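What's in target.tsv: TSV, C-alpha atoms and all ligand atoms
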chain	number	residue	atom	x	y	z
A	26	MET	CA	82.90	118.88	79.79
A	27	SER	CA	81.01	116.43	82.02
A	28	VAL	CA	82.92	114.75	84.82
A	29	PHE	CA	82.34	111.32	83.35
A	30	GLU	CA	83.56	112.42	79.89
A	31	ASN	CA	86.77	113.36	81.65
A	32	ALA	CA	87.01	110.06	83.49
A	33	LYS	CA	86.39	108.25	80.21
A	34	GLN	CA	89.37	109.93	78.55
A	35	ASN	CA	91.73	108.49	81.14
A	36	LEU	CA	90.21	105.08	80.61
A	37	GLU	CA	90.60	105.39	76.83
A	38	LYS	CA	94.22	106.37	77.27
A	39	ALA	CA	95.00	103.46	79.60
A	40	SER	CA	93.15	101.08	77.21
A	41	LYS	CA	95.59	102.05	74.47
A	42	TYR	CA	98.61	101.29	76.65
A	43	MET	CA	97.01	97.94	77.49
A	44	ASN	CA	95.94	97.11	73.93
A	45	LEU	CA	92.42	96.38	75.09
A	46	SER	CA	89.83	95.04	72.69
A	47	ASP	CA	86.67	97.06	72.02
A	48	GLY	CA	84.71	94.55	74.10
A	49	GLU	CA	86.98	94.99	77.09
A	50	LYS	CA	86.82	98.75	76.83
A	51	GLU	CA	83.04	98.73	76.43
A	52	LEU	CA	82.68	96.65	79.54
A	53	LEU	CA	84.69	99.12	81.61
A	54	LEU	CA	82.94	102.15	80.15
A	55	ASN	CA	79.46	100.98	81.02
A	56	HIS	CA	77.71	101.03	84.36
A	57	LYS	CA	76.02	97.82	85.52
A	58	ILE	CA	73.09	99.35	87.39
A	59	ILE	CA	71.80	102.91	87.70
A	60	HIS	CA	69.09	103.43	90.30
A	61	LYS	CA	67.43	106.80	90.61
A	62	ALA	CA	64.74	107.98	93.02
A	63	ARG	CA	63.04	111.15	94.15
A	64	LEU	CA	63.07	111.43	97.93
A	65	ASN	CA	60.12	113.25	99.46
A	66	VAL	CA	60.86	114.79	102.82
A	67	ASN	CA	58.58	117.30	104.57
A	68	GLY	CA	56.95	118.36	101.33
A	69	LYS	CA	60.28	118.82	99.49
A	70	GLY	CA	61.70	116.56	96.78
A	71	TYR	CA	65.36	115.58	96.34
A	72	ASP	CA	66.93	113.64	93.47
A	73	ALA	CA	68.94	110.64	94.66
A	74	TRP	CA	71.04	107.93	93.03
A	75	ARG	CA	72.78	104.66	93.78
A	76	ILE	CA	74.93	103.39	90.95
A	77	ILE	CA	77.03	100.23	90.62
A	78	HIS	CA	79.69	100.64	88.00
A	79	ASN	CA	81.10	97.12	88.13
A	80	ASP	CA	80.70	94.15	90.48
A	81	ALA	CA	82.93	91.49	88.99
A	82	LEU	CA	85.31	91.54	91.97
A	83	GLY	CA	82.60	91.55	94.63
A	84	PRO	CA	79.66	93.57	95.94
A	85	GLY	CA	79.49	97.26	95.08
A	86	LYS	CA	81.30	99.53	97.52
A	87	GLY	CA	81.46	103.29	97.82
A	88	GLY	CA	80.14	106.26	99.71
A	89	ILE	CA	76.99	108.38	99.60
A	90	ARG	CA	77.40	112.10	98.98
A	91	PHE	CA	74.98	114.82	100.08
A	92	HIS	CA	75.76	117.93	98.04
A	93	PRO	CA	73.78	120.53	96.07
A	94	ASN	CA	75.76	119.73	92.89
A	95	VAL	CA	75.23	115.95	92.91
A	96	SER	CA	74.13	114.70	89.48
A	97	GLU	CA	73.85	111.38	87.68
A	98	ASP	CA	76.99	112.23	85.73
A	99	GLU	CA	78.93	112.84	88.95
A	100	VAL	CA	77.73	109.64	90.65
A	101	LYS	CA	78.63	107.71	87.48
A	102	SER	CA	82.18	109.06	87.66
A	103	LEU	CA	82.52	108.45	91.38
A	104	SER	CA	81.32	104.85	91.05
A	105	PHE	CA	83.73	104.24	88.19
A	106	TRP	CA	86.62	105.57	90.29
A	107	MET	CA	85.50	103.29	93.15
A	108	SER	CA	85.77	100.25	90.86
A	109	LEU	CA	89.34	101.21	90.05
A	110	LYS	CA	90.21	102.14	93.64
A	111	ASN	CA	88.91	98.90	95.10
A	112	SER	CA	90.59	96.87	92.41
A	113	LEU	CA	93.95	98.60	92.89
A	114	ALA	CA	93.71	98.16	96.67
A	115	GLY	CA	93.23	94.42	96.17
A	116	ILE	CA	90.02	94.26	98.20
A	117	PRO	CA	87.05	92.06	97.20
A	118	TYR	CA	84.71	94.78	96.00
A	119	GLY	CA	83.26	96.23	92.88
A	120	GLY	CA	82.68	99.95	92.59
A	121	ALA	CA	79.55	101.89	93.52
A	122	LYS	CA	78.50	105.31	94.72
A	123	GLY	CA	75.42	107.16	95.81
A	124	GLY	CA	74.34	110.71	96.16
A	125	VAL	CA	71.51	113.06	97.06
A	126	LYS	CA	71.20	116.48	95.47
A	127	VAL	CA	70.75	118.41	98.69
A	128	ASN	CA	72.62	121.01	100.69
A	129	PRO	CA	72.70	119.59	104.23
A	130	LYS	CA	73.84	123.02	105.48
A	131	ASP	CA	70.31	124.28	104.72
A	132	LEU	CA	68.65	121.49	106.72
A	133	SER	CA	68.03	120.87	110.40
A	134	LYS	CA	69.43	117.74	112.04
A	135	GLU	CA	65.94	116.20	111.95
A	136	GLU	CA	65.62	116.88	108.23
A	137	ILE	CA	69.04	115.33	107.51
A	138	GLU	CA	67.89	112.26	109.44
A	139	GLU	CA	64.71	112.14	107.34
A	140	VAL	CA	66.67	112.42	104.07
A	141	SER	CA	69.00	109.61	105.24
A	142	ARG	CA	66.10	107.33	106.13
A	143	ALA	CA	64.23	108.17	102.92
A	144	TYR	CA	67.35	107.23	100.95
A	145	VAL	CA	67.34	103.76	102.50
A	146	ARG	CA	63.60	103.33	101.95
A	147	ALA	CA	64.17	104.12	98.27
A	148	PHE	CA	67.18	101.84	97.73
A	149	HIS	CA	67.06	99.10	100.40
A	150	ARG	CA	66.37	96.39	97.83
A	151	TYR	CA	69.65	97.08	96.09
A	152	ILE	CA	72.00	97.41	99.04
A	153	GLY	CA	73.23	94.86	101.58
A	154	GLN	CA	76.46	93.31	102.86
A	155	ASP	CA	76.71	91.00	99.83
A	156	LYS	CA	75.18	93.38	97.28
A	157	ASP	CA	76.37	96.92	97.65
A	158	ILE	CA	77.83	98.56	100.76
A	159	PRO	CA	77.62	102.35	101.22
A	160	ALA	CA	79.87	104.54	103.40
A	161	PRO	CA	80.38	108.25	104.08
A	162	ASP	CA	81.49	110.72	101.43
A	163	VAL	CA	81.30	114.51	101.08
A	164	TYR	CA	78.92	115.97	103.75
A	165	THR	CA	77.87	112.59	105.15
A	166	ASN	CA	79.26	111.15	108.39
A	167	PRO	CA	78.95	108.32	110.97
A	168	GLN	CA	75.64	109.74	112.25
A	169	VAL	CA	74.13	109.54	108.75
A	170	MET	CA	75.43	105.94	108.48
A	171	ALA	CA	73.80	105.14	111.84
A	172	TRP	CA	70.38	106.40	110.68
A	173	MET	CA	70.74	104.48	107.43
A	174	LEU	CA	71.67	101.27	109.24
A	175	ASP	CA	68.78	101.69	111.64
A	176	GLU	CA	66.27	102.25	108.82
A	177	TYR	CA	67.63	99.26	106.90
A	178	GLU	CA	67.48	96.93	109.89
A	179	ARG	CA	63.92	98.06	110.69
A	180	ILE	CA	62.81	97.24	107.14
A	181	LYS	CA	64.58	93.88	107.04
A	182	GLY	CA	63.74	92.90	110.61
A	183	ARG	CA	67.26	91.68	111.40
A	184	HIS	CA	70.71	92.99	112.23
A	185	GLU	CA	73.13	93.45	109.38
A	186	PRO	CA	75.86	95.90	110.39
A	187	GLY	CA	77.97	94.92	107.37
A	188	MET	CA	75.49	96.62	105.03
A	189	ILE	CA	77.19	99.98	105.58
A	190	THR	CA	80.60	101.15	106.80
A	191	GLY	CA	81.88	104.28	108.50
A	192	LYS	CA	79.40	103.71	111.33
A	193	PRO	CA	79.81	104.97	114.90
A	194	VAL	CA	81.91	102.58	117.01
A	195	GLU	CA	78.93	101.50	119.16
A	196	LEU	CA	77.14	100.20	116.04
A	197	GLY	CA	80.08	98.14	114.79
A	198	GLY	CA	82.20	100.88	113.27
A	199	CYS	CA	85.89	101.23	113.95
A	200	GLU	CA	87.74	104.06	115.55
A	201	ILE	CA	90.25	104.61	112.76
A	202	ARG	CA	87.70	104.91	109.92
A	203	GLY	CA	87.18	108.62	110.67
A	204	TYR	CA	90.73	109.58	109.73
A	205	ALA	CA	91.64	106.62	107.50
A	206	THR	CA	91.46	108.51	104.18
A	207	SER	CA	93.90	111.12	105.45
A	208	LYS	CA	96.14	108.56	107.11
A	209	GLY	CA	96.29	106.62	103.85
A	210	GLY	CA	97.10	109.83	101.95
A	211	LYS	CA	99.90	110.63	104.35
A	212	ILE	CA	101.35	107.11	104.09
A	213	ILE	CA	101.27	107.26	100.28
A	214	LEU	CA	102.87	110.73	100.24
A	215	ASN	CA	105.64	109.48	102.53
A	216	PHE	CA	106.25	106.39	100.37
A	217	PHE	CA	106.50	108.64	97.33
A	218	LEU	CA	108.88	111.17	98.90
A	219	ASP	CA	111.05	108.32	100.22
A	220	LYS	CA	111.30	106.84	96.72
A	221	ILE	CA	112.52	110.10	95.23
A	222	ASP	CA	114.77	110.89	98.22
A	223	GLU	CA	112.93	114.02	99.18
A	224	LYS	CA	112.92	114.90	102.90
A	225	ARG	CA	109.73	115.62	104.87
A	226	GLU	CA	110.98	118.07	107.47
A	227	GLY	CA	110.16	121.60	106.35
A	228	THR	CA	108.61	120.46	103.06
A	229	ARG	CA	106.02	123.10	102.12
A	230	VAL	CA	102.41	121.95	101.78
A	231	VAL	CA	99.27	123.71	100.55
A	232	ILE	CA	95.93	122.04	101.27
A	233	GLN	CA	92.69	122.80	99.41
A	234	GLY	CA	89.66	121.67	101.42
A	235	PHE	CA	89.25	121.47	105.19
A	236	GLY	CA	86.53	118.86	105.58
A	237	ASN	CA	87.21	115.47	107.17
A	238	ALA	CA	89.99	114.55	104.70
A	239	GLY	CA	91.68	117.96	104.43
A	240	MET	CA	91.62	118.74	108.13
A	241	ASN	CA	92.94	115.37	109.23
A	242	ILE	CA	95.79	115.29	106.73
A	243	ALA	CA	96.73	118.86	107.72
A	244	LYS	CA	97.00	117.71	111.32
A	245	MET	CA	99.02	114.60	110.47
A	246	LEU	CA	101.47	116.34	108.13
A	247	PHE	CA	101.89	119.18	110.64
A	248	GLU	CA	102.74	116.65	113.37
A	249	ASP	CA	105.24	114.98	111.04
A	250	GLY	CA	107.17	118.22	110.55
A	251	TYR	CA	105.84	119.32	107.16
A	252	LYS	CA	105.37	123.08	106.88
A	253	ILE	CA	101.73	123.81	106.02
A	254	ILE	CA	101.79	127.23	104.36
A	255	ALA	CA	98.16	127.54	103.25
A	256	VAL	CA	94.77	125.88	103.74
A	257	SER	CA	91.29	126.67	102.50
A	258	ASP	CA	87.63	125.75	102.85
A	259	SER	CA	84.55	126.70	100.84
A	260	LYS	CA	84.75	130.29	102.17
A	261	GLY	CA	88.35	130.92	101.04
A	262	GLY	CA	91.88	130.36	102.27
A	263	ILE	CA	94.62	131.61	104.58
A	264	MET	CA	98.35	131.61	104.05
A	265	ASN	CA	101.48	132.10	106.13
A	266	LEU	CA	104.83	131.39	104.50
A	267	ASP	CA	106.41	130.73	107.93
A	268	GLY	CA	103.90	127.93	108.43
A	269	LEU	CA	100.41	127.87	109.94
A	270	ASP	CA	99.78	126.55	113.43
A	271	ILE	CA	97.38	123.83	112.31
A	272	LYS	CA	96.20	123.00	115.83
A	273	GLU	CA	95.00	126.59	116.16
A	274	VAL	CA	93.47	126.62	112.67
A	275	ILE	CA	91.46	123.52	113.58
A	276	LYS	CA	90.21	125.22	116.75
A	277	ILE	CA	89.11	128.25	114.73
A	278	LYS	CA	87.42	126.04	112.13
A	279	GLU	CA	85.51	124.21	114.86
A	280	GLU	CA	84.48	127.39	116.69
A	281	LYS	CA	83.88	129.80	113.82
A	282	LYS	CA	83.10	127.34	111.01
A	283	SER	CA	85.77	128.67	108.61
A	284	VAL	CA	89.57	128.67	108.47
A	285	THR	CA	89.39	132.22	107.06
A	286	GLN	CA	88.75	133.49	110.61
A	287	TYR	CA	92.33	132.55	111.62
A	288	SER	CA	94.11	135.83	112.33
A	289	LYS	CA	97.79	134.90	111.93
A	290	GLY	CA	97.62	134.47	108.18
A	291	LYS	CA	96.92	136.41	105.03
A	292	ARG	CA	93.59	135.80	103.25
A	293	VAL	CA	93.87	134.17	99.82
A	294	THR	CA	91.24	133.19	97.28
A	295	ASN	CA	90.82	129.59	96.24
A	296	LYS	CA	92.39	130.44	92.87
A	297	GLU	CA	95.46	132.04	94.48
A	298	LEU	CA	95.85	129.13	96.86
A	299	LEU	CA	96.04	126.56	94.06
A	300	GLU	CA	98.69	128.61	92.29
A	301	LEU	CA	101.02	129.13	95.28
A	302	ASP	CA	104.68	128.22	95.10
A	303	THR	CA	104.87	125.03	97.18
A	304	ASP	CA	106.44	121.58	97.23
A	305	VAL	CA	103.23	119.62	97.78
A	306	LEU	CA	99.67	120.56	96.87
A	307	VAL	CA	97.00	118.41	98.50
A	308	LEU	CA	93.62	118.55	96.74
A	309	ALA	CA	91.01	117.60	99.32
A	310	ALA	CA	87.87	119.34	98.06
A	311	LEU	CA	85.84	118.38	94.99
A	312	GLU	CA	86.18	117.45	91.30
A	313	ASN	CA	87.47	119.70	88.54
A	314	GLN	CA	89.62	122.06	90.60
A	315	ILE	CA	92.60	122.06	88.25
A	316	THR	CA	91.44	122.56	84.68
A	317	LYS	CA	93.03	123.73	81.47
A	318	GLU	CA	92.35	127.29	82.66
A	319	ASN	CA	94.68	127.18	85.67
A	320	ALA	CA	96.94	124.14	85.05
A	321	ASP	CA	99.66	126.27	83.49
A	322	ASN	CA	99.86	128.42	86.63
A	323	ILE	CA	100.36	125.54	89.06
A	324	LYS	CA	103.75	125.73	90.76
A	325	ALA	CA	103.63	122.72	93.08
A	326	LYS	CA	106.18	119.96	92.46
A	327	TYR	CA	103.91	117.17	93.66
A	328	ILE	CA	100.13	116.92	93.86
A	329	LEU	CA	98.31	114.50	96.15
A	330	GLU	CA	94.71	113.88	95.07
A	331	LEU	CA	92.87	113.25	98.32
A	332	ALA	CA	89.56	114.22	96.68
A	333	ASN	CA	88.12	112.19	93.81
A	334	GLY	CA	88.73	113.58	90.34
A	335	PRO	CA	90.12	117.03	91.25
A	336	ILE	CA	92.15	117.34	88.02
A	337	THR	CA	90.55	117.26	84.57
A	338	TYR	CA	92.02	115.15	81.78
A	339	GLU	CA	93.31	118.18	79.87
A	340	ALA	CA	94.84	119.70	82.99
A	341	ASP	CA	96.52	116.38	83.76
A	342	GLU	CA	98.24	116.45	80.36
A	343	ILE	CA	99.48	120.00	81.01
A	344	LEU	CA	100.80	119.04	84.47
A	345	ASN	CA	102.54	115.97	83.01
A	346	ASN	CA	104.26	118.15	80.43
A	347	LYS	CA	105.40	120.48	83.20
A	348	ASN	CA	106.81	117.40	84.99
A	349	ILE	CA	104.56	117.94	88.01
A	350	LYS	CA	104.04	114.56	89.64
A	351	VAL	CA	100.43	113.75	90.44
A	352	ILE	CA	99.70	110.98	92.94
A	353	PRO	CA	96.29	109.85	91.67
A	354	ASP	CA	93.07	109.72	93.68
A	355	ILE	CA	92.49	105.98	93.28
A	356	LEU	CA	95.76	105.39	95.13
A	357	ALA	CA	96.07	108.50	97.31
A	358	ASN	CA	92.62	108.33	98.91
A	359	SER	CA	92.17	104.56	99.08
A	360	GLY	CA	92.86	104.46	102.84
A	361	GLY	CA	89.20	105.14	103.60
A	362	VAL	CA	87.80	102.19	101.73
A	363	ILE	CA	90.59	99.87	102.94
A	364	VAL	CA	89.55	100.55	106.54
A	365	SER	CA	85.89	100.18	105.48
A	366	TYR	CA	86.89	96.70	104.34
A	367	CYS	CA	88.30	95.92	107.84
A	368	GLU	CA	85.04	97.18	109.37
A	369	TRP	CA	82.99	94.97	107.05
A	370	VAL	CA	85.12	91.90	107.85
A	371	GLN	CA	84.61	92.55	111.57
A	372	ASN	CA	80.84	92.91	111.13
A	373	ARG	CA	80.53	89.77	109.07
A	374	THR	CA	82.66	87.54	111.28
A	375	GLY	CA	81.77	88.99	114.66
A	376	GLN	CA	85.45	89.56	115.37
A	377	ILE	CA	86.82	92.68	116.99
A	378	PHE	CA	90.18	93.82	115.64
A	379	SER	CA	92.53	96.10	117.52
A	380	LYS	CA	93.41	99.51	116.18
A	381	GLU	CA	97.02	98.38	115.65
A	382	TYR	CA	95.88	95.37	113.62
A	383	MET	CA	93.77	97.54	111.31
A	384	GLU	CA	96.48	100.16	110.95
A	385	ASN	CA	98.83	97.35	109.90
A	386	ILE	CA	96.41	96.09	107.28
A	387	LEU	CA	96.04	99.65	105.98
A	388	LYS	CA	99.79	100.10	105.72
A	389	GLU	CA	100.42	96.70	104.13
A	390	LYS	CA	97.74	97.14	101.49
A	391	LEU	CA	98.91	100.64	100.65
A	392	GLU	CA	102.52	99.52	100.44
A	393	ARG	CA	101.58	96.78	98.05
A	394	SER	CA	99.50	98.99	95.76
A	395	PHE	CA	101.99	101.85	95.92
A	396	ASN	CA	104.92	99.62	94.96
A	397	LYS	CA	103.00	98.00	92.13
A	398	THR	CA	102.01	101.41	90.79
A	399	TYR	CA	105.45	102.93	91.21
A	400	ASN	CA	107.18	100.00	89.52
A	401	LEU	CA	104.86	100.06	86.52
A	402	TYR	CA	105.25	103.84	86.29
A	403	LYS	CA	109.01	103.38	86.01
A	404	GLU	CA	108.84	100.33	83.76
A	405	ARG	CA	106.40	101.77	81.22
A	406	ASN	CA	107.41	105.41	81.58
A	407	VAL	CA	103.80	106.53	82.00
A	408	SER	CA	102.19	108.81	84.60
A	409	LEU	CA	101.42	107.43	88.06
A	410	ARG	CA	97.73	107.74	87.13
A	411	MET	CA	98.12	105.60	84.03
A	412	ALA	CA	100.10	102.99	85.97
A	413	ALA	CA	97.41	102.83	88.66
A	414	TYR	CA	94.62	102.63	86.05
A	415	MET	CA	96.33	99.81	84.19
A	416	ILE	CA	96.77	97.68	87.31
A	417	ALA	CA	93.19	98.33	88.43
A	418	MET	CA	91.62	97.71	85.02
A	419	GLU	CA	93.54	94.50	84.50
A	420	ARG	CA	92.27	92.95	87.73
A	421	ILE	CA	88.64	93.78	86.88
A	422	LEU	CA	89.01	92.37	83.37
A	423	LYS	CA	90.57	89.18	84.73
A	424	ALA	CA	87.57	88.71	87.02
A	425	GLU	CA	85.17	89.35	84.13
A	426	LYS	CA	87.05	86.78	82.03
A	427	SER	CA	86.95	84.16	84.78
A	428	ARG	CA	83.21	84.72	85.00
A	429	GLY	CA	82.92	84.07	81.29
A	430	ASN	CA	81.79	87.60	80.50
A	431	LEU	CA	84.66	88.21	78.09
A	432	ASP	CA	86.47	86.01	75.57
B	1	LIG	N1	83.75	107.77	100.00
B	1	LIG	C1	85.05	107.21	100.17
B	1	LIG	C2	85.80	107.15	98.86
B	1	LIG	O1	85.55	107.91	97.96
B	1	LIG	C3	85.03	105.89	100.93
B	1	LIG	C4	84.26	104.77	100.37
B	1	LIG	C5	84.07	103.57	101.30
B	1	LIG	O2	84.62	103.54	102.40
B	1	LIG	O3	83.32	102.70	100.89
B	1	LIG	O4	86.71	106.40	98.71
Would you kindly transcribe this structure into structure tokens?
Ligand code: GLU
Amino acid sequence: MSVFENAKQNLEKASKYMNLSDGEKELLLNHKIIHKARLNVNGKGYDAWRIIHNDALGPGKGGIRFHPNVSEDEVKSLSFWMSLKNSLAGIPYGGAKGGVKVNPKDLSKEEIEEVSRAYVRAFHRYIGQDKDIPAPDVYTNPQVMAWMLDEYERIKGRHEPGMITGKPVELGGCEIRGYATSKGGKIILNFFLDKIDEKREGTRVVIQGFGNAGMNIAKMLFEDGYKIIAVSDSKGGIMNLDGLDIKEVIKIKEEKKSVTQYSKGKRVTNKELLELDTDVLVLAALENQITKENADNIKAKYILELANGPITYEADEILNNKNIKVIPDILANSGGVIVSYCEWVQNRTGQIFSKEYMENILKEKLERSFNKTYNLYKERNVSLRMAAYMIAMERILKAEKSRGNLD
């Protein structure tokens, strides 16, 4: 099933709980603008998209992904999730996402720069600090944002750092953006474990994915006393039931490019890793990792979705029936975009916030959205995902109503 078909099923389910009219549902199911382009770089062509799902709450906001599996269907799903994420976080943004179907691992640094600049040349009319604001996502980073900003400012002939977030600090980015998604995930996990009176010390954690999000949360949870028993990257995983020394694993990853080169652990496949007996499973890779094929074998008690859409609709139902608690993506990984919001406010006002100030905003916003979600989850006896969807959808619909777009 397509990723967006999956996303749609959750929306349909939440619509029923909310008694939405067909008009309201239609509005949330449809994307406002789909832009597609073919980027030509050094004689090669790459398909690229920028999609705004909804902009009732403010300009579009969401990252740009460079990945060989990027498709229109995927960008549609990612932009839809951004609408919900931004709404739940209470920040003044609609939802958008972009992507290029390319494997940056096959390209030189110069070619990645060319793809980044070509992307902006294709879409510059549709992005901007009050229109739609990109950021990093899978396989894009502050350097890519810097090239994109530079290309944009050259075309427009003026500075506009607020047109993109996740920039290097010297171009108006902020220090904490790099690890904000992971920090947010850790804060949310801690709130959740506190609520259910579960301790952190020695709690077993398995992490799928060792990119920016997976690696940083591994480091943070390790420092907080969690016991990380397995991690993986695209080459496979490693496991040690006595706990991995994450500092060493990070060193190996940086030197040898894969966690599988770590010698004090047993090699596991991605499939085995997901099915390990653990307290917490952190999904920090890509979509559709837990499906109806493996959901029955999952032994984790709690799942933190640091990636977007890692569990299919059918798998989610199976996990719910097994009483496995899933902390949904639109809450668990919202730390990144919340700090992007701080960066954008700084750029637009010319202010410079301290790290402590931004970390406080991050914590406050997460606390507010976590408590709202948790309370509704208890009150309505629904999954955490449904509670989060209902809160997010309601705020978007309210904005659409105020604009006169709905009766
Ligand atoms: N790509 C990130 C996400 O999926 C961050 C988006 C942003 O900062 O705009 O939430």
> Using only C-alpha atoms, which of A:Met415, A:Asp175, A:Ser112, A:Lys57 sits nearest Leu45 (chain A)?
Replying inline: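 The shortest atom-to-atom distance to Leu45 (chain A) comes from A:Met415.
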> Restricting the calculation to only C-alpha atoms and all ligand atoms, which member of A:Ile275, A:Ile355, A:Val230, A:Ala325 is positioned closest to ligand LIG 1 (chain B)?
Replying inline: A:Ile355
>> How would you report the residues lying within 7 Å of ligand LIG 1 (chain B), as a ChimeraX atom specification, if you count all atoms listed in the file?
In response: /A:86-89,107,158-162,190-191,333,358-359,361-362,365
Near Ala417 (chain A), within 12 Å and counting only C-alpha atoms, which residues show up once chain neighbours fewer than 5 positions away are dropped, as an mmCIF file with C-alpha atoms, in the frame of the given file?
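Writing done, so here's around22.cif:
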data_model
loop_
_atom_site.group_PDB
_atom_site.id
_atom_site.type_symbol
_atom_site.label_atom_id
_atom_site.label_comp_id
_atom_site.auth_asym_id
_atom_site.auth_seq_id
_atom_site.Cartn_x
_atom_site.Cartn_y
_atom_site.Cartn_z
ATOM 1 C CA LEU A 36 90.210 105.080 80.610
ATOM 2 C CA ALA A 39 95.000 103.460 79.600
ATOM 3 C CA SER A 40 93.150 101.080 77.210
ATOM 4 C CA MET A 43 97.010 97.940 77.490
ATOM 5 C CA LEU A 53 84.690 99.120 81.610
ATOM 6 C CA LEU A 82 85.310 91.540 91.970
ATOM 7 C CA PHE A 105 83.730 104.240 88.190
ATOM 8 C CA TRP A 106 86.620 105.570 90.290
ATOM 9 C CA MET A 107 85.500 103.290 93.150
ATOM 10 C CA SER A 108 85.770 100.250 90.860
ATOM 11 C CA LEU A 109 89.340 101.210 90.050
ATOM 12 C CA LYS A 110 90.210 102.140 93.640
ATOM 13 C CA ASN A 111 88.910 98.900 95.100
ATOM 14 C CA SER A 112 90.590 96.870 92.410
ATOM 15 C CA LEU A 113 93.950 98.600 92.890
ATOM 16 C CA ALA A 114 93.710 98.160 96.670
ATOM 17 C CA GLY A 115 93.230 94.420 96.170
ATOM 18 C CA ILE A 116 90.020 94.260 98.200
ATOM 19 C CA TYR A 118 84.710 94.780 96.000
ATOM 20 C CA GLY A 119 83.260 96.230 92.880
ATOM 21 C CA GLY A 120 82.680 99.950 92.590
ATOM 22 C CA ILE A 355 92.490 105.980 93.280
ATOM 23 C CA LEU A 356 95.760 105.390 95.130
ATOM 24 C CA SER A 394 99.500 98.990 95.760
ATOM 25 C CA LYS A 397 103.000 98.000 92.130
ATOM 26 C CA THR A 398 102.010 101.410 90.790
ATOM 27 C CA LEU A 401 104.860 100.060 86.520
ATOM 28 C CA ARG A 410 97.730 107.740 87.130
ATOM 29 C CA MET A 411 98.120 105.600 84.030
ATOM 30 C CA ALA A 412 100.100 102.990 85.970
ATOM 31 C CA LEU A 422 89.010 92.370 83.370
ATOM 32 C CA LYS A 423 90.570 89.180 84.730
ATOM 33 C CA ALA A 424 87.570 88.710 87.020
#
> What lies within 7 Å of Ile232 (chain A) using all atoms listed in the file, ignoring chain neighbours under 2 positions off, as a list in words?
Replying inline: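 Returned residues: Val230, Gly234, Gly239, Ala255, Val256, Ser257, Leu306, Val307, Leu308 and Ala309 of chain A.
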Requested write-out: C-alpha atoms of the selected residues, as an mmCIF file, in the coordinates of the input:
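Saved the output as out-v8.cif:
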data_model
loop_
_atom_site.group_PDB
_atom_site.id
_atom_site.type_symbol
_atom_site.label_atom_id
_atom_site.label_comp_id
_atom_site.auth_asym_id
_atom_site.auth_seq_id
_atom_site.Cartn_x
_atom_site.Cartn_y
_atom_site.Cartn_z
ATOM 1 C CA VAL A 230 102.410 121.950 101.780
ATOM 2 C CA GLY A 234 89.660 121.670 101.420
ATOM 3 C CA GLY A 239 91.680 117.960 104.430
ATOM 4 C CA ALA A 255 98.160 127.540 103.250
ATOM 5 C CA VAL A 256 94.770 125.880 103.740
ATOM 6 C CA SER A 257 91.290 126.670 102.500
ATOM 7 C CA LEU A 306 99.670 120.560 96.870
ATOM 8 C CA VAL A 307 97.000 118.410 98.500
ATOM 9 C CA LEU A 308 93.620 118.550 96.740
ATOM 10 C CA ALA A 309 91.010 117.600 99.320
#
>> Taking only C-alpha atoms into account, name the residue in A:Ile277, A:Ile416, A:Ile323, A:Met264 that is nearest to Asn396 (chain A).
In response: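 Nearest candidate to Asn396 (chain A) out of A:Ile277, A:Ile416, A:Ile323, A:Met264: A:Ile416.
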Region 201-210 of chain A rebuilt with N, CA and C atoms, output as a compact mmCIF listing (two decimals), in the coordinates of the input:
# COMPACT_ATOMS: atom_id res chain seq x y z
N ILE A 201 89.32 103.96 113.69
CA ILE A 201 90.25 104.61 112.76
C ILE A 201 89.60 104.99 111.43
N ARG A 202 88.33 104.60 111.21
CA ARG A 202 87.70 104.91 109.92
C ARG A 202 87.60 106.42 109.70
N GLY A 203 87.38 107.17 110.77
CA GLY A 203 87.18 108.62 110.67
C GLY A 203 88.35 109.35 110.02
N TYR A 204 89.57 108.88 110.30
CA TYR A 204 90.73 109.58 109.73
C TYR A 204 91.51 108.71 108.74
N ALA A 205 90.91 107.59 108.33
CA ALA A 205 91.64 106.62 107.50
C ALA A 205 92.02 107.17 106.12
N THR A 206 91.14 107.97 105.51
CA THR A 206 91.46 108.51 104.18
C THR A 206 92.71 109.38 104.27
N SER A 207 92.75 110.22 105.28
CA SER A 207 93.90 111.12 105.45
C SER A 207 95.15 110.33 105.82
N LYS A 208 94.99 109.37 106.70
CA LYS A 208 96.14 108.56 107.11
C LYS A 208 96.73 107.85 105.89
N GLY A 209 95.85 107.29 105.07
CA GLY A 209 96.29 106.62 103.85
C GLY A 209 97.02 107.59 102.94
N GLY A 210 96.47 108.81 102.80
CA GLY A 210 97.10 109.83 101.95
C GLY A 210 98.48 110.18 102.45
